[in-house]
$ cat entry34.cif   # mmCIF, C-alpha atoms
data_coords
loop_
_atom_site.group_PDB
_atom_site.id
_atom_site.type_symbol
_atom_site.label_atom_id
_atom_site.label_comp_id
_atom_site.auth_asym_id
_atom_site.auth_seq_id
_atom_site.Cartn_x
_atom_site.Cartn_y
_atom_site.Cartn_z
ATOM 1 C CA MET U 115 -11.742 -16.423 -14.756
ATOM 2 C CA ALA U 116 -12.310 -19.352 -12.400
ATOM 3 C CA GLY U 117 -9.739 -21.369 -14.342
ATOM 4 C CA ILE U 118 -7.079 -18.751 -13.730
ATOM 5 C CA GLU U 119 -7.952 -17.756 -10.159
ATOM 6 C CA PRO U 120 -10.923 -19.292 -8.342
ATOM 7 C CA ASP U 121 -10.951 -16.581 -5.654
ATOM 8 C CA GLY U 122 -11.751 -13.449 -7.652
ATOM 9 C CA ILE U 123 -12.780 -11.419 -4.588
ATOM 10 C CA GLY U 124 -9.543 -12.370 -2.866
ATOM 11 C CA LEU U 125 -7.563 -11.358 -5.938
ATOM 12 C CA LEU U 126 -9.348 -8.006 -5.961
ATOM 13 C CA ALA U 127 -8.637 -7.495 -2.243
ATOM 14 C CA PHE U 128 -4.977 -8.382 -2.747
ATOM 15 C CA GLY U 129 -4.712 -6.048 -5.739
ATOM 16 C CA ALA U 130 -6.204 -3.106 -3.867
ATOM 17 C CA ALA U 131 -4.038 -3.680 -0.805
ATOM 18 C CA PHE U 132 -0.881 -4.142 -2.870
ATOM 19 C CA ALA U 133 -1.628 -0.967 -4.855
ATOM 20 C CA VAL U 134 -1.913 0.987 -1.593
ATOM 21 C CA CYS U 135 1.303 -0.668 -0.430
ATOM 22 C CA CYS U 136 3.126 0.414 -3.595
ATOM 23 C CA LEU U 137 1.830 3.988 -3.378
ATOM 24 C CA GLY U 138 2.956 4.120 0.243
ATOM 25 C CA PHE U 139 6.356 2.746 -0.725
ATOM 26 C CA PHE U 140 6.957 5.410 -3.362
ATOM 27 C CA THR U 141 5.786 8.151 -0.997
ATOM 28 C CA ILE U 142 7.890 7.024 1.956
ATOM 29 C CA VAL U 143 11.011 6.418 -0.130
ATOM 30 C CA GLY U 144 10.833 10.069 -1.179
ATOM 31 C CA MET U 145 11.168 11.109 2.470
ATOM 32 C CA PHE U 146 14.657 9.632 2.902
ATOM 33 C CA PRO U 147 17.312 10.876 3.469
ATOM 34 C CA ALA U 148 16.103 13.588 5.810
ATOM 35 C CA SER U 149 18.081 16.244 3.922
ATOM 36 C CA ALA U 150 16.030 15.553 0.771
ATOM 37 C CA ARG U 151 12.733 15.984 2.621
ATOM 38 C CA PRO U 152 10.648 19.069 1.800
ATOM 39 C CA ALA U 153 10.768 21.942 4.300
ATOM 40 C CA SER U 154 7.098 21.392 5.172
ATOM 41 C CA LEU U 155 8.049 17.986 6.609
ATOM 42 C CA ALA U 156 10.856 19.111 8.884
ATOM 43 C CA GLY U 157 10.606 18.599 12.616
ATOM 44 C CA GLY U 158 9.413 16.059 15.117
ATOM 45 C CA PRO U 159 5.698 15.770 14.269
ATOM 46 C CA ALA U 160 6.448 15.167 10.596
ATOM 47 C CA MET U 161 9.061 12.557 11.488
ATOM 48 C CA ALA U 162 6.479 10.809 13.678
ATOM 49 C CA LEU U 163 4.034 10.754 10.742
ATOM 50 C CA ILE U 164 6.717 9.312 8.489
ATOM 51 C CA ALA U 165 7.578 6.660 11.092
ATOM 52 C CA VAL U 166 3.905 5.677 11.514
ATOM 53 C CA ASN U 167 3.492 5.421 7.744
ATOM 54 C CA LEU U 168 6.644 3.311 7.516
ATOM 55 C CA VAL U 169 5.362 0.893 10.175
ATOM 56 C CA LEU U 170 1.974 0.695 8.440
ATOM 57 C CA LEU U 171 3.721 0.070 5.116
ATOM 58 C CA VAL U 172 5.723 -2.846 6.524
ATOM 59 C CA LEU U 173 2.631 -4.331 8.195
ATOM 60 C CA LEU U 174 0.575 -3.943 5.023
ATOM 61 C CA ALA U 175 3.278 -5.534 2.878
ATOM 62 C CA LEU U 176 3.518 -8.505 5.245
ATOM 63 C CA ALA U 177 -0.264 -8.842 5.397
ATOM 64 C CA ALA U 178 -0.561 -8.718 1.591
ATOM 65 C CA VAL U 179 2.096 -11.402 1.146
ATOM 66 C CA LEU U 180 0.533 -13.593 3.833
ATOM 67 C CA PHE U 181 -2.939 -13.105 2.348
ATOM 68 C CA ALA U 182 -1.701 -13.994 -1.133
ATOM 69 C CA HIS U 183 0.104 -17.056 0.203
ATOM 70 C CA GLN U 184 -2.991 -18.317 2.026
ATOM 71 C CA SER U 185 -5.723 -17.373 -0.430
ATOM 72 C CA LEU U 186 -4.413 -17.110 -3.982
ATOM 73 C CA ARG U 187 -2.532 -19.109 -6.553
ATOM 74 C CA TRP U 188 1.044 -17.936 -6.601
ATOM 75 C CA SER U 189 0.925 -17.273 -10.334
ATOM 76 C CA SER U 190 -2.069 -14.937 -9.931
ATOM 77 C CA ALA U 191 -0.387 -13.034 -7.101
ATOM 78 C CA VAL U 192 2.893 -12.672 -9.000
ATOM 79 C CA VAL U 193 1.276 -11.507 -12.251
ATOM 80 C CA LEU U 194 -1.122 -9.048 -10.593
ATOM 81 C CA GLY U 195 1.529 -7.813 -8.162
ATOM 82 C CA GLY U 196 3.974 -7.252 -10.999
ATOM 83 C CA LEU U 197 1.448 -5.327 -13.055
ATOM 84 C CA ILE U 198 0.528 -3.172 -10.084
ATOM 85 C CA PHE U 199 4.170 -2.440 -9.268
ATOM 86 C CA LEU U 200 4.837 -1.645 -12.926
ATOM 87 C CA PHE U 201 2.003 0.874 -13.277
ATOM 88 C CA THR U 202 1.953 2.400 -9.770
ATOM 89 C CA PRO U 203 4.562 5.075 -10.603
ATOM 90 C CA SER U 204 2.152 6.501 -13.184
ATOM 91 C CA ALA U 205 -0.588 6.775 -10.571
ATOM 92 C CA PHE U 206 1.924 8.226 -8.112
ATOM 93 C CA GLN U 207 2.806 11.004 -10.554
ATOM 94 C CA VAL U 208 -0.862 12.013 -10.820
ATOM 95 C CA VAL U 209 -1.019 12.894 -7.118
ATOM 96 C CA PRO U 210 -0.152 16.604 -6.759
ATOM 97 C CA GLU U 211 3.221 17.256 -5.161
ATOM 98 C CA HIS U 212 1.756 19.493 -2.471
ATOM 99 C CA TRP U 213 -0.365 16.522 -1.320
ATOM 100 C CA ARG U 214 2.464 14.004 -1.351
ATOM 101 C CA ASP U 215 4.868 16.300 0.472
ATOM 102 C CA SER U 216 2.623 17.580 3.256
ATOM 103 C CA ARG U 217 1.539 16.461 6.691
ATOM 104 C CA ALA U 218 -2.054 16.212 5.499
ATOM 105 C CA GLY U 219 -0.972 13.980 2.619
ATOM 106 C CA LEU U 220 0.940 11.703 4.976
ATOM 107 C CA ALA U 221 -2.050 11.573 7.333
ATOM 108 C CA VAL U 222 -4.335 10.574 4.445
ATOM 109 C CA LEU U 223 -1.808 7.957 3.310
ATOM 110 C CA GLY U 224 -1.662 6.538 6.836
ATOM 111 C CA THR U 225 -5.445 6.375 6.995
ATOM 112 C CA ILE U 226 -5.654 4.595 3.643
ATOM 113 C CA GLN U 227 -2.937 2.146 4.663
ATOM 114 C CA ALA U 228 -4.691 1.406 7.958
ATOM 115 C CA ALA U 229 -7.993 0.861 6.140
ATOM 116 C CA ALA U 230 -6.341 -1.494 3.628
ATOM 117 C CA LEU U 231 -4.679 -3.393 6.467
ATOM 118 C CA ALA U 232 -7.993 -3.698 8.298
ATOM 119 C CA ALA U 233 -9.776 -4.851 5.143
ATOM 120 C CA LEU U 234 -7.113 -7.435 4.385
ATOM 121 C CA SER U 235 -7.109 -8.691 7.964
ATOM 122 C CA SER U 236 -10.893 -8.755 8.199
ATOM 123 C CA PRO U 237 -12.595 -12.103 8.634
ATOM 124 C CA LEU U 238 -15.042 -11.080 5.896
ATOM 125 C CA HIS U 239 -12.694 -12.373 3.198
ATOM 126 C CA LEU U 240 -13.066 -15.840 4.699
ATOM 127 C CA ILE U 241 -16.824 -15.688 4.116
ATOM 128 C CA ALA U 242 -16.318 -14.792 0.456
ATOM 129 C CA SER U 243 -13.944 -17.718 -0.089
#
$ encode --input "entry34.cif" --output "C-alpha cells"
Amino acid sequence: MAGIEPDGIGLLAFGAAFAVCCLGFFTIVGMFPASARPASLAGGPAMALIAVNLVLLVLLALAAVLFAHQSLRWSSAVVLGGLIFLFTPSAFQVVPEHWRDSRAGLAVLGTIQAAALAALSSPLHLIAS
C-alpha cells in the first residue's frame, strides 16, 4: 500500500469526506427546483436548512480538494474519488425517502457534513502524516 499511497490515513480521511460530500450533493440536487421539492420541505425554515446544507457542501468539497492536493498523490485521489462518485448513488438509494426528504434528514445531513469538515480541517491529520 505504501507504494501506491504513503499516507493511508489521509486517503481514508479523504475518502470518508468525499463520500459525505457526494451524498450531500445527491440530496441537495434533489431539492431544486423548488417546485420539485416535497411538500414537507416547503416554507422558509426548510429553505434555510437547504441553504445551510448547500453552503456546507461547497465548503466540504473545497476542503476535500485542498486536502487531497496537499496530502495525497493525485492518482490516489482521482481513483478513490472516482470510485466513490461511481458507487455513491447506490448508497443514496438505500436511505429511506422519508429521511432524505424531511427536515430531520436535512438536519442530520448538515451535522454529518459539519463533522466531516471539522475532521478534514483538524490538525490531527498533520500528526498522522
$ atom_distance --input "entry34.cif" --atom1 "atom CA of Leu194 of chain U" --atom2 "atom CA of Val166 of chain U"
27.0 Å
$ resolve_selection --input "entry34.cif" --expression "the PyMOL selection byres ((chain U and resi 129) around 10)" --output "list of chain:residue names"
U:Ile123, U:Gly124, U:Leu125, U:Leu126, U:Ala127, U:Phe128, U:Ala130, U:Ala131, U:Phe132, U:Ala133, U:Val134, U:Cys135, U:Ala178, U:Ala182, U:Ala191, U:Leu194, U:Gly195, U:Leu197, U:Ile198
$ axis_aligned_box --input "entry34.cif" --around "segment 229-237 of chain U" --padding-each-side "6 Å" --output "AutoDock Vina command-line options"
--center_x -8.6 --center_y -5.6 --center_z 6.1 --size_x 19.9 --size_y 25.0 --size_z 17.0
$ atom_distance --input "entry34.cif" --atom1 "atom CA of Ser154 of chain U" --atom2 "atom CA of Ser216 of chain U"
6.2 Å
$ closest_residue --input "entry34.cif" --among "U:Glu119, U:Glu211, U:Asn167, U:Ala233" --to "Ser189 of chain U" --atoms "all atoms listed in the file"
U:Glu119
$ resolve_selection --input "entry34.cif" --expression "the PyMOL selection byres ((chain U and resi 215) around 10)" --output "list in words"
Thr141, Ile142, Gly144, Met145, Arg151, Pro152, Ala153, Ser154, Leu155, Pro210, Glu211, His212, Trp213, Arg214, Ser216, Arg217, Ala218, Gly219 and Leu220 of chain U
